[in-house]
Amino acid sequence: QTCALPIYPELVQQQAQAHAPHCQARWAQRLAQMSQPTPPALLLLGEQHDAAAHQQWQAQTVQWLAQRQQLAALVLEMAEAGHSTQGLAATANEAQVRQALGWKEELWPWERYRAVVMAAVAAGVPVRGGNLPRSRMRAAMQDEALDRHLPPAALALQRNAIEEGHCGLLPADRVMPMVRIQLARDASMAQVVQQARQEGRTVLLAAGWGHVRRDLGVPTWLPANFNAKVAIAQAG
């Protein structure tokens, strides 16, 4: 039974078995290996948003790191930068947590992510929004400087992803503005991650798998010497 394959050359967690006991044990073993001799500054977990097993995997990772006092913060694509549970008690209820994070139910069903978020809160670990605030999206769409961030081949991949995500129906003049939003989202998450960094502990970032790719996503906005590990969950 296989539940993990190398990628980047790190880890792919298979959805169908991600919550099976033998896969949990194998993932715990990989986490222990990552933490030697010191924990990585950042662990990026890439998910498919509608795969429940992926959120279970994230919650298990939060719990494993928190139990060992290794979790500096949980950063989420699912909440906007500027929102945080910092200052809330570990006993805070779900309504208090959602309010602190400015949670948008219409975009991110709370039931899908509650276990991930509340595991961090209960452990006394701050949860921080990482995504680009809606108020900054228009400026990002017009920011041509973002076009020069990625090498041409990687930028072309981002363009293709946007076009395919809209079934080829997006007008040509709308493609680059949408690409810039994706880039600005990655930049925002990278900034929050760096702000949350603590020596000897790991910041955990939960985001869609495209955002955690080393060649396209958040890692491209981090300093070259930033100790980051990537794990991407696959459906199937």
# chains A, B, ... in the order shown; residues from 1 in each chain; ligands from 1
$ select_by_dssp --residues "range 3-217 of chain A" --states "strand (DSSP E or B)" --output "PyMOL selection string"
chain A and resi 4-5+11-14+42-47+71-80+84+127-131+202-208
$ write_last_selection --atoms "C-alpha atoms" --output "PDB file, in the first residue's frame"
ATOM      1  CA  ALA A   4       3.564   8.784  -0.470  1.00  0.00           C
ATOM      2  CA  LEU A   5       5.756   9.450  -3.480  1.00  0.00           C
ATOM      3  CA  LEU A  11       6.322  14.413  -0.718  1.00  0.00           C
ATOM      4  CA  VAL A  12       2.994  13.650  -2.312  1.00  0.00           C
ATOM      5  CA  GLN A  13       0.310  12.467   0.080  1.00  0.00           C
ATOM      6  CA  GLN A  14      -2.353  10.365  -1.648  1.00  0.00           C
ATOM      7  CA  LEU A  42       8.452  26.614   6.923  1.00  0.00           C
ATOM      8  CA  LEU A  43       6.428  23.578   5.886  1.00  0.00           C
ATOM      9  CA  LEU A  44       4.086  24.194   2.956  1.00  0.00           C
ATOM     10  CA  LEU A  45       1.130  21.812   2.640  1.00  0.00           C
ATOM     11  CA  GLY A  46      -0.557  21.917  -0.763  1.00  0.00           C
ATOM     12  CA  GLU A  47      -4.132  20.708  -0.950  1.00  0.00           C
ATOM     13  CA  LEU A  71       4.668  24.952  15.619  1.00  0.00           C
ATOM     14  CA  ALA A  72       5.292  28.686  15.380  1.00  0.00           C
ATOM     15  CA  ALA A  73       2.083  29.585  13.515  1.00  0.00           C
ATOM     16  CA  LEU A  74      -0.491  28.286  11.080  1.00  0.00           C
ATOM     17  CA  VAL A  75      -0.822  30.516   7.995  1.00  0.00           C
ATOM     18  CA  LEU A  76      -3.854  30.054   5.756  1.00  0.00           C
ATOM     19  CA  GLU A  77      -4.673  30.887   2.169  1.00  0.00           C
ATOM     20  CA  MET A  78      -8.291  30.749   3.357  1.00  0.00           C
ATOM     21  CA  ALA A  79      -8.107  34.000   5.350  1.00  0.00           C
ATOM     22  CA  GLU A  80      -6.843  37.427   4.362  1.00  0.00           C
ATOM     23  CA  SER A  84      -5.174  36.606  13.133  1.00  0.00           C
ATOM     24  CA  VAL A 127      -3.521  31.272  13.118  1.00  0.00           C
ATOM     25  CA  ARG A 128      -2.813  34.011  10.588  1.00  0.00           C
ATOM     26  CA  GLY A 129      -4.486  34.896   7.336  1.00  0.00           C
ATOM     27  CA  GLY A 130      -2.052  34.943   4.452  1.00  0.00           C
ATOM     28  CA  ASN A 131      -4.100  35.712   1.362  1.00  0.00           C
ATOM     29  CA  THR A 202       8.097  25.692  12.006  1.00  0.00           C
ATOM     30  CA  VAL A 203       5.512  27.915  10.353  1.00  0.00           C
ATOM     31  CA  LEU A 204       2.881  25.752   8.652  1.00  0.00           C
ATOM     32  CA  LEU A 205       1.261  27.112   5.485  1.00  0.00           C
ATOM     33  CA  ALA A 206      -1.950  25.493   4.218  1.00  0.00           C
ATOM     34  CA  ALA A 207      -2.832  26.490   0.678  1.00  0.00           C
ATOM     35  CA  GLY A 208      -3.905  25.169  -2.691  1.00  0.00           C
TER      36      GLY A 208
END
$ residues_around --residues "Arg98 in chain A" --least-positions-apart "3" --cutoff "12 Å" --atoms "only C-alpha atoms" --output "CSV table (one decimal) with all heavy atoms, in the first residue's frame"
chain,number,residue,atom,x,y,z
A,78,MET,N,-6.8,30.6,3.2
A,78,MET,CA,-8.3,30.7,3.4
A,78,MET,C,-8.7,32.0,4.1
A,78,MET,O,-9.9,32.2,4.3
A,78,MET,CB,-8.9,29.5,4.0
A,78,MET,CG,-8.6,28.2,3.2
A,78,MET,SD,-7.0,27.6,3.7
A,78,MET,CE,-6.7,26.4,2.3
A,79,ALA,N,-7.8,32.8,4.6
A,79,ALA,CA,-8.1,34.0,5.3
A,79,ALA,C,-7.2,35.1,4.9
A,79,ALA,O,-6.0,34.8,4.4
A,79,ALA,CB,-8.0,33.8,6.9
A,80,GLU,N,-7.6,36.3,4.9
A,80,GLU,CA,-6.8,37.4,4.4
A,80,GLU,C,-5.8,37.9,5.3
A,80,GLU,O,-6.0,37.8,6.6
A,80,GLU,CB,-7.8,38.6,4.0
A,80,GLU,CG,-8.7,38.4,2.9
A,80,GLU,CD,-9.6,39.6,2.6
A,80,GLU,OE1,-9.4,40.6,3.3
A,80,GLU,OE2,-10.4,39.5,1.6
A,83,HIS,N,-5.6,39.4,9.3
A,83,HIS,CA,-6.5,38.8,10.3
A,83,HIS,C,-5.7,37.7,11.0
A,83,HIS,O,-4.9,37.0,10.4
A,83,HIS,CB,-7.7,38.2,9.6
A,83,HIS,CG,-8.6,39.2,9.0
A,83,HIS,ND1,-9.6,39.8,9.8
A,83,HIS,CD2,-8.8,39.7,7.8
A,83,HIS,CE1,-10.3,40.6,9.0
A,83,HIS,NE2,-9.8,40.6,7.8
A,84,SER,N,-5.9,37.6,12.3
A,84,SER,CA,-5.2,36.6,13.1
A,84,SER,C,-5.9,36.3,14.4
A,84,SER,O,-6.7,37.1,14.9
A,84,SER,CB,-3.8,37.2,13.5
A,84,SER,OG,-3.1,36.4,14.4
A,85,THR,N,-5.7,35.1,14.9
A,85,THR,CA,-6.2,34.7,16.2
A,85,THR,C,-5.3,35.1,17.4
A,85,THR,O,-5.6,34.7,18.5
A,85,THR,CB,-6.5,33.2,16.3
A,85,THR,OG1,-5.2,32.5,16.2
A,85,THR,CG2,-7.4,32.7,15.2
A,88,LEU,N,-6.3,35.5,21.2
A,88,LEU,CA,-7.4,34.7,21.6
A,88,LEU,C,-6.9,33.6,22.6
A,88,LEU,O,-5.8,33.1,22.4
A,88,LEU,CB,-8.1,34.0,20.4
A,88,LEU,CG,-9.0,34.9,19.5
A,88,LEU,CD1,-9.7,34.0,18.5
A,88,LEU,CD2,-10.0,35.7,20.3
A,92,ALA,N,-10.9,29.6,23.1
A,92,ALA,CA,-11.9,30.4,22.2
A,92,ALA,C,-12.8,29.5,21.4
A,92,ALA,O,-12.4,28.4,21.0
A,92,ALA,CB,-11.0,31.3,21.3
A,93,ASN,N,-14.0,29.9,21.3
A,93,ASN,CA,-15.0,29.1,20.5
A,93,ASN,C,-14.9,29.4,19.0
A,93,ASN,O,-14.2,30.3,18.6
A,93,ASN,CB,-16.4,29.2,21.0
A,93,ASN,CG,-16.9,30.7,20.9
A,93,ASN,OD1,-16.6,31.4,19.9
A,93,ASN,ND2,-17.6,31.1,21.9
A,94,GLU,N,-15.6,28.6,18.2
A,94,GLU,CA,-15.5,28.7,16.8
A,94,GLU,C,-16.0,30.1,16.3
A,94,GLU,O,-15.4,30.6,15.3
A,94,GLU,CB,-16.2,27.6,16.1
A,94,GLU,CG,-15.6,26.2,16.4
A,94,GLU,CD,-16.3,25.1,15.6
A,94,GLU,OE1,-17.0,25.4,14.6
A,94,GLU,OE2,-16.2,23.9,16.1
A,95,ALA,N,-17.0,30.6,16.9
A,95,ALA,CA,-17.5,31.9,16.5
A,95,ALA,C,-16.4,33.0,16.7
A,95,ALA,O,-16.2,33.9,15.8
A,95,ALA,CB,-18.8,32.2,17.2
A,101,LEU,N,-10.6,35.8,12.3
A,101,LEU,CA,-10.0,35.6,11.0
A,101,LEU,C,-10.7,36.2,9.8
A,101,LEU,O,-10.3,36.1,8.7
A,101,LEU,CB,-9.9,34.0,10.7
A,101,LEU,CG,-8.9,33.3,11.6
A,101,LEU,CD1,-9.0,31.8,11.4
A,101,LEU,CD2,-7.5,33.7,11.4
A,102,GLY,N,-11.8,36.9,10.1
A,102,GLY,CA,-12.6,37.5,9.0
A,102,GLY,C,-13.1,36.4,8.0
A,102,GLY,O,-13.1,36.6,6.8
A,103,TRP,N,-13.5,35.2,8.6
A,103,TRP,CA,-13.7,34.1,7.7
A,103,TRP,C,-14.9,34.3,6.7
A,103,TRP,O,-16.0,34.8,7.1
A,103,TRP,CB,-14.1,32.9,8.6
A,103,TRP,CG,-14.0,31.6,7.8
A,103,TRP,CD1,-15.0,30.9,7.2
A,103,TRP,CD2,-12.8,30.8,7.7
A,103,TRP,NE1,-14.5,29.8,6.6
A,103,TRP,CE2,-13.1,29.7,6.9
A,103,TRP,CE3,-11.5,31.0,8.1
A,103,TRP,CZ2,-12.2,28.7,6.5
A,103,TRP,CZ3,-10.5,30.0,7.7
A,103,TRP,CH2,-10.9,28.9,7.0
A,104,LYS,N,-14.7,34.0,5.5
A,104,LYS,CA,-15.7,34.2,4.4
A,104,LYS,C,-16.3,32.8,4.0
A,104,LYS,O,-15.7,32.1,3.2
A,104,LYS,CB,-15.1,34.9,3.2
A,104,LYS,CG,-14.7,36.3,3.5
A,104,LYS,CD,-14.1,37.0,2.3
A,104,LYS,CE,-14.0,38.5,2.5
A,104,LYS,NZ,-13.2,38.9,3.7
A,105,GLU,N,-17.4,32.5,4.6
A,105,GLU,CA,-18.0,31.2,4.4
A,105,GLU,C,-18.3,30.9,3.0
A,105,GLU,O,-18.3,29.8,2.5
A,105,GLU,CB,-19.3,31.1,5.3
A,105,GLU,CG,-20.1,29.8,5.2
A,105,GLU,CD,-19.3,28.6,5.8
A,105,GLU,OE1,-18.4,28.8,6.6
A,105,GLU,OE2,-19.7,27.5,5.4
A,108,TRP,N,-14.9,29.8,1.6
A,108,TRP,CA,-14.2,28.7,2.2
A,108,TRP,C,-15.2,28.1,3.3
A,108,TRP,O,-15.3,28.6,4.4
A,108,TRP,CB,-12.9,29.1,2.9
A,108,TRP,CG,-12.0,29.9,2.0
A,108,TRP,CD1,-11.9,31.2,1.9
A,108,TRP,CD2,-11.2,29.3,0.9
A,108,TRP,NE1,-10.9,31.6,0.9
A,108,TRP,CE2,-10.5,30.4,0.3
A,108,TRP,CE3,-10.9,28.0,0.5
A,108,TRP,CZ2,-9.6,30.2,-0.7
A,108,TRP,CZ3,-10.0,27.9,-0.5
A,108,TRP,CH2,-9.3,28.9,-1.1
A,109,PRO,N,-15.9,27.0,3.0
A,109,PRO,CA,-16.8,26.4,4.0
A,109,PRO,C,-16.1,26.1,5.3
A,109,PRO,O,-15.1,25.3,5.3
A,109,PRO,CB,-17.3,25.1,3.3
A,109,PRO,CG,-17.1,25.4,1.8
A,109,PRO,CD,-15.9,26.3,1.7
A,110,TRP,N,-16.5,26.6,6.3
A,110,TRP,CA,-15.9,26.5,7.6
A,110,TRP,C,-15.8,25.0,8.1
A,110,TRP,O,-14.8,24.6,8.6
A,110,TRP,CB,-16.6,27.3,8.7
A,110,TRP,CG,-16.1,27.0,10.1
A,110,TRP,CD1,-16.8,26.4,11.1
A,110,TRP,CD2,-14.9,27.5,10.7
A,110,TRP,NE1,-16.0,26.3,12.2
A,110,TRP,CE2,-14.8,27.0,12.0
A,110,TRP,CE3,-13.8,28.2,10.2
A,110,TRP,CZ2,-13.8,27.2,12.8
A,110,TRP,CZ3,-12.7,28.4,11.0
A,110,TRP,CH2,-12.7,27.9,12.3
A,111,GLU,N,-16.8,24.3,7.8
A,111,GLU,CA,-16.8,22.9,8.2
A,111,GLU,C,-15.6,22.1,7.6
A,111,GLU,O,-15.1,21.2,8.2
A,111,GLU,CB,-18.1,22.2,7.8
A,111,GLU,CG,-18.3,20.8,8.4
A,111,GLU,CD,-18.3,20.8,9.9
A,111,GLU,OE1,-18.7,21.8,10.5
A,111,GLU,OE2,-17.9,19.7,10.4
A,113,TYR,N,-12.6,23.3,7.1
A,113,TYR,CA,-11.3,23.7,7.7
A,113,TYR,C,-11.3,23.9,9.2
A,113,TYR,O,-10.3,24.2,9.8
A,113,TYR,CB,-10.9,25.0,7.0
A,113,TYR,CG,-10.6,24.9,5.6
A,113,TYR,CD1,-11.5,25.3,4.6
A,113,TYR,CD2,-9.4,24.4,5.1
A,113,TYR,CE1,-11.3,25.1,3.3
A,113,TYR,CE2,-9.1,24.2,3.8
A,113,TYR,CZ,-10.1,24.6,2.9
A,113,TYR,OH,-9.8,24.4,1.5
A,114,ARG,N,-12.5,23.6,9.8
A,114,ARG,CA,-12.6,23.9,11.3
A,114,ARG,C,-11.6,23.0,12.1
A,114,ARG,O,-10.9,23.5,13.0
A,114,ARG,CB,-14.0,23.6,11.8
A,114,ARG,CG,-14.5,22.2,11.6
A,114,ARG,CD,-15.9,22.0,12.1
A,114,ARG,NE,-15.9,22.2,13.6
A,114,ARG,CZ,-15.6,21.2,14.4
A,114,ARG,NH1,-15.2,20.0,14.0
A,114,ARG,NH2,-15.6,21.5,15.7
A,117,VAL,N,-8.0,24.6,11.8
A,117,VAL,CA,-7.9,25.9,12.5
A,117,VAL,C,-8.0,25.7,14.0
A,117,VAL,O,-7.1,26.2,14.8
A,117,VAL,CB,-8.9,26.8,12.0
A,117,VAL,CG1,-8.9,28.1,12.8
A,117,VAL,CG2,-8.8,27.1,10.5
A,118,MET,N,-9.0,24.9,14.4
A,118,MET,CA,-9.2,24.8,15.9
A,118,MET,C,-8.1,23.9,16.6
A,118,MET,O,-7.9,24.1,17.8
A,118,MET,CB,-10.6,24.2,16.1
A,118,MET,CG,-11.7,25.1,15.6
A,118,MET,SD,-11.7,26.8,16.3
A,118,MET,CE,-12.0,26.5,18.0
A,121,VAL,N,-5.6,26.6,17.4
A,121,VAL,CA,-6.1,27.5,18.5
A,121,VAL,C,-6.0,26.8,19.8
A,121,VAL,O,-5.5,27.3,20.8
A,121,VAL,CB,-7.5,28.0,18.2
A,121,VAL,CG1,-8.1,28.7,19.4
A,121,VAL,CG2,-7.5,28.8,16.9
A,127,VAL,N,-3.1,31.5,14.5
A,127,VAL,CA,-3.5,31.3,13.1
A,127,VAL,C,-3.6,32.6,12.4
A,127,VAL,O,-4.2,33.6,12.9
A,127,VAL,CB,-4.9,30.6,13.0
A,127,VAL,CG1,-5.3,30.3,11.6
A,127,VAL,CG2,-4.9,29.3,13.9
A,128,ARG,N,-2.9,32.7,11.3
A,128,ARG,CA,-2.8,34.0,10.6
A,128,ARG,C,-3.3,33.9,9.2
A,128,ARG,O,-3.0,32.9,8.5
A,128,ARG,CB,-1.4,34.5,10.6
A,128,ARG,CG,-0.8,34.6,12.0
A,128,ARG,CD,0.6,35.2,12.0
A,128,ARG,NE,0.6,36.6,11.4
A,128,ARG,CZ,1.7,37.4,11.5
A,128,ARG,NH1,2.8,37.0,12.1
A,128,ARG,NH2,1.6,38.6,11.0
A,129,GLY,N,-4.1,34.8,8.7
A,129,GLY,CA,-4.5,34.9,7.3
A,129,GLY,C,-3.3,35.3,6.5
A,129,GLY,O,-2.5,36.1,6.9
$ atom_distance --atom1 "CA of Gln194 in chain A" --atom2 "CA of Pro151 in chain A"
23.0 Å
$ residues_around --residues "range 172-179 of chain A" --least-positions-apart "3" --cutoff "12 Å" --atoms "only C-alpha atoms" --output "VMD selection string"
chain A and resid 137 to 150 154 to 166 168 to 169 182 to 186 216 to 217
$ write_last_selection --atoms "C-alpha atoms" --output "mmCIF file, in the first residue's frame"
data_model
loop_
_atom_site.group_PDB
_atom_site.id
_atom_site.type_symbol
_atom_site.label_atom_id
_atom_site.label_comp_id
_atom_site.auth_asym_id
_atom_site.auth_seq_id
_atom_site.Cartn_x
_atom_site.Cartn_y
_atom_site.Cartn_z
ATOM 1 C CA MET A 137 -6.668 43.135 -5.685
ATOM 2 C CA ARG A 138 -7.383 45.965 -8.109
ATOM 3 C CA ALA A 139 -3.911 47.436 -7.590
ATOM 4 C CA ALA A 140 -2.373 43.989 -8.070
ATOM 5 C CA MET A 141 -4.213 43.480 -11.357
ATOM 6 C CA GLN A 142 -2.614 46.652 -12.701
ATOM 7 C CA ASP A 143 0.892 46.049 -11.303
ATOM 8 C CA GLU A 144 2.990 45.187 -14.366
ATOM 9 C CA ALA A 145 6.086 44.777 -12.177
ATOM 10 C CA LEU A 146 4.619 41.418 -11.143
ATOM 11 C CA ASP A 147 5.036 40.227 -14.729
ATOM 12 C CA ARG A 148 8.798 40.150 -14.248
ATOM 13 C CA HIS A 149 8.866 38.045 -11.080
ATOM 14 C CA LEU A 150 8.887 34.602 -12.673
ATOM 15 C CA ALA A 154 7.102 29.631 -15.281
ATOM 16 C CA LEU A 155 5.013 32.688 -16.165
ATOM 17 C CA ALA A 156 3.655 30.783 -19.161
ATOM 18 C CA LEU A 157 2.608 27.950 -16.821
ATOM 19 C CA GLN A 158 0.735 30.447 -14.670
ATOM 20 C CA ARG A 159 -1.002 31.849 -17.740
ATOM 21 C CA ASN A 160 -1.992 28.369 -18.879
ATOM 22 C CA ALA A 161 -3.335 27.520 -15.418
ATOM 23 C CA ILE A 162 -5.522 30.648 -15.421
ATOM 24 C CA GLU A 163 -6.803 29.963 -18.926
ATOM 25 C CA GLU A 164 -7.574 26.316 -18.181
ATOM 26 C CA GLY A 165 -9.199 27.242 -14.876
ATOM 27 C CA HIS A 166 -11.649 29.395 -16.825
ATOM 28 C CA GLY A 168 -10.586 28.938 -22.148
ATOM 29 C CA LEU A 169 -13.426 31.459 -21.858
ATOM 30 C CA GLN A 182 -2.123 34.873 -8.239
ATOM 31 C CA LEU A 183 1.407 36.228 -7.981
ATOM 32 C CA ALA A 184 0.332 38.880 -5.487
ATOM 33 C CA ARG A 185 -1.415 36.223 -3.394
ATOM 34 C CA ASP A 186 1.802 34.209 -3.261
ATOM 35 C CA LEU A 216 5.644 29.011 -9.320
ATOM 36 C CA GLY A 217 4.318 29.776 -5.880
#
$ atom_distance --atom1 "CA of Gln56 in chain A" --atom2 "CA of Gln191 in chain A"
26.0 Å
